[in-house]
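Structure first, then comments.
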Amino acid sequence: MIQSTTIALSDMTITRANVIAKKTGSLEIGIAKAIMIEQLKEKMAKGVAHFIFQKKDGTIREMYATTFKPLIDKHIVGTGVSRERYGTTAVFCVESGAWRSFRWESIINVF
């Protein structure tokens with residue numbers, strides 16, 4: 001018997017999956033990475049999350065970051081333009097105490 005699983009994806013997750021699929025040439029990779037980003041964003045909204053991604057120069061970066069409002073409120077400057085419009089996600093790196101971003105297709109793992 002074949003078992004099937006249904007996954008409900010948000011509009012933003014579908015958008016991310018399509019952008020990643022275009023850049024990687026694989027819809028499967030696009031969906032997998034978009035789901036990882038969704039999980040990462042949920043974790044960061046509640047506290048500090050640990051994840052790995054590949055930087056533009058090819059090096060692997062491990063990061064502990066957050067978007068938890070009580071931790072980042074004093075660091076929000078904002079220009080009104082979301083990084084999401086450019087295929088990246090902005091996060092507050094707790095190790096460097098500064099805002100960083102990563103390209104969606106570069107996510108490797110979320111812990």
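Identifiers in the structure tokens: chain A, B, ... in order shown; residue index from 1 per chain; ligand index from 1 in order shown.
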
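Using only C-alpha atoms, the residues found no farther than 9 Å from Phe111 in chain A, other than those of its own chain fewer than 6 positions away, are Leu40, Ala49, His50, Phe51 and Ile52 of chain A.
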
Which residues of range 32-96 of chain A have any atom within 9 Å of an atom in range 3-24 of chain A when counting only C-alpha atoms, and what is the closest pair of atoms for each, with the distance in Å to one decimal? Order the rows by chain and rising number and write it as a Markdown table.
```
| residue | atom | partner | partner_atom | distance |
| --- | --- | --- | --- | --- |
| A:Ala32 | CA | A:Ala17 | CA | 7.8 |
| A:Lys33 | CA | A:Ala17 | CA | 7.1 |
| A:Ala34 | CA | A:Ala17 | CA | 5.0 |
| A:Ile35 | CA | A:Thr13 | CA | 6.7 |
| A:Ile37 | CA | A:Thr13 | CA | 8.1 |
| A:Glu38 | CA | A:Thr13 | CA | 6.7 |
| A:Glu84 | CA | A:Arg16 | CA | 8.9 |
| A:Gly87 | CA | A:Val19 | CA | 7.2 |
```

Next on the checklist: Quick check for you: according to DSSP on this backbone, which residues of chain A are classed as strand (DSSP E)? Reply as an MDAnalysis selection string.
Outcome noted: chainID A and resid 48:54 60:66 88:93 98:103 107:110

Checklist entry - In Å, with one decimal, what is the gap from CA of Thr67 in chain A to CA of Ser106 in chain A? => result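 Computing it gives 18.9 Å between the two atoms.
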
Checklist entry - In terms of the shortest atom-to-atom distance over only C-alpha atoms, which of A:Thr89, A:Asn109, A:Gln39, A:Ser26 is closest to Ile60 in chain A? => result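 Once distances to Ile60 in chain A are computed over only C-alpha atoms, the minimum belongs to A:Asn109.
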
Checklist entry - Can you list every residue in range 34-83 of chain A that DSSP puts in alpha helix (DSSP H), as a PyMOL selection string? => result chain A and resi 34-46+69-72

Keeping only N, CA and C atoms, write those residues as a PDB file, in the first residue's frame.
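Okay, this is what ended up in out_8.pdb:
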```pdb
ATOM      1  N   ALA A  34      12.457  25.624   0.880  1.00  0.00           N
ATOM      2  CA  ALA A  34      11.415  26.565   1.297  1.00  0.00           C
ATOM      3  C   ALA A  34      10.774  26.114   2.607  1.00  0.00           C
ATOM      4  N   ILE A  35      10.585  24.815   2.762  1.00  0.00           N
ATOM      5  CA  ILE A  35      10.033  24.288   4.016  1.00  0.00           C
ATOM      6  C   ILE A  35      11.033  24.488   5.154  1.00  0.00           C
ATOM      7  N   MET A  36      12.338  24.287   4.885  1.00  0.00           N
ATOM      8  CA  MET A  36      13.363  24.539   5.905  1.00  0.00           C
ATOM      9  C   MET A  36      13.338  25.996   6.354  1.00  0.00           C
ATOM     10  N   ILE A  37      13.181  26.912   5.402  1.00  0.00           N
ATOM     11  CA  ILE A  37      13.143  28.338   5.737  1.00  0.00           C
ATOM     12  C   ILE A  37      11.911  28.642   6.580  1.00  0.00           C
ATOM     13  N   GLU A  38      10.783  28.040   6.238  1.00  0.00           N
ATOM     14  CA  GLU A  38       9.558  28.234   7.027  1.00  0.00           C
ATOM     15  C   GLU A  38       9.783  27.761   8.464  1.00  0.00           C
ATOM     16  N   GLN A  39      10.399  26.590   8.633  1.00  0.00           N
ATOM     17  CA  GLN A  39      10.698  26.074   9.972  1.00  0.00           C
ATOM     18  C   GLN A  39      11.664  27.000  10.710  1.00  0.00           C
ATOM     19  N   LEU A  40      12.674  27.484  10.008  1.00  0.00           N
ATOM     20  CA  LEU A  40      13.642  28.401  10.598  1.00  0.00           C
ATOM     21  C   LEU A  40      12.957  29.678  11.070  1.00  0.00           C
ATOM     22  N   LYS A  41      12.107  30.242  10.237  1.00  0.00           N
ATOM     23  CA  LYS A  41      11.420  31.479  10.593  1.00  0.00           C
ATOM     24  C   LYS A  41      10.525  31.284  11.824  1.00  0.00           C
ATOM     25  N   GLU A  42       9.872  30.132  11.916  1.00  0.00           N
ATOM     26  CA  GLU A  42       9.043  29.835  13.095  1.00  0.00           C
ATOM     27  C   GLU A  42       9.898  29.758  14.350  1.00  0.00           C
ATOM     28  N   LYS A  43      11.052  29.107  14.266  1.00  0.00           N
ATOM     29  CA  LYS A  43      11.950  28.990  15.420  1.00  0.00           C
ATOM     30  C   LYS A  43      12.497  30.357  15.832  1.00  0.00           C
ATOM     31  N   MET A  44      12.911  31.164  14.853  1.00  0.00           N
ATOM     32  CA  MET A  44      13.480  32.480  15.167  1.00  0.00           C
ATOM     33  C   MET A  44      12.442  33.427  15.757  1.00  0.00           C
ATOM     34  N   ALA A  45      11.191  33.278  15.368  1.00  0.00           N
ATOM     35  CA  ALA A  45      10.128  34.133  15.902  1.00  0.00           C
ATOM     36  C   ALA A  45       9.893  33.875  17.389  1.00  0.00           C
ATOM     37  N   LYS A  46      10.311  32.688  17.866  1.00  0.00           N
ATOM     38  CA  LYS A  46      10.101  32.315  19.267  1.00  0.00           C
ATOM     39  C   LYS A  46      11.368  32.424  20.108  1.00  0.00           C
ATOM     40  N   LYS A  69      10.932  39.415  18.632  1.00  0.00           N
ATOM     41  CA  LYS A  69      10.751  40.849  18.815  1.00  0.00           C
ATOM     42  C   LYS A  69      11.370  41.419  20.099  1.00  0.00           C
ATOM     43  N   PRO A  70      11.157  40.816  21.264  1.00  0.00           N
ATOM     44  CA  PRO A  70      11.762  41.397  22.469  1.00  0.00           C
ATOM     45  C   PRO A  70      13.289  41.461  22.429  1.00  0.00           C
ATOM     46  N   LEU A  71      13.932  40.574  21.680  1.00  0.00           N
ATOM     47  CA  LEU A  71      15.393  40.581  21.600  1.00  0.00           C
ATOM     48  C   LEU A  71      15.931  41.566  20.562  1.00  0.00           C
ATOM     49  N   ILE A  72      15.144  41.881  19.550  1.00  0.00           N
ATOM     50  CA  ILE A  72      15.665  42.697  18.442  1.00  0.00           C
ATOM     51  C   ILE A  72      15.079  44.097  18.347  1.00  0.00           C
TER      52      ILE A  72
END
```

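The nearest approach to Tyr64 in chain A among the residues A:Val77, A:Gly30, A:Trp99, A:Ser82, with only C-alpha atoms taken into account, belongs to A:Trp99.
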
Item to check | CA of Ser101 in chain A to CA of Ala65 in chain A, distance in Å rounded to a single decimal | outcome: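 Between these atoms lies a distance of 10.1 Å.
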
Item to check | For Val110 in chain A, the nearest of the candidates A:Asp57, A:Leu27, A:Met63, A:Cys93, counting only C-alpha atoms | outcome: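 Smallest distance to Val110 in chain A is found for A:Met63.
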
Next on the checklist: Please determine, counting only C-alpha atoms, which residue among A:Gly25, A:Ile76, A:Arg83, A:Ile31 has the shortest atom-to-atom distance to Ala98 in chain A.
Outcome noted: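 Closest to Ala98 in chain A of all the choices is A:Ile76.
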
Checklist entry - From the list A:Gly97, A:Val81, A:Glu105, A:Ile2, which residue is nearest Gln54 in chain A when using only C-alpha atoms? => result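 Among the listed residues, the smallest separation from Gln54 in chain A belongs to A:Glu105.
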
Checklist entry - Residues at most 8 Å from Phe102 in chain A, counting only C-alpha atoms, excluding those fewer than 6 positions away in the same chain, as a list in words? => result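 Final neighbour list, sorted by chain and number: Phe53, Lys55, Thr88, Thr89 and Ala90 of chain A.
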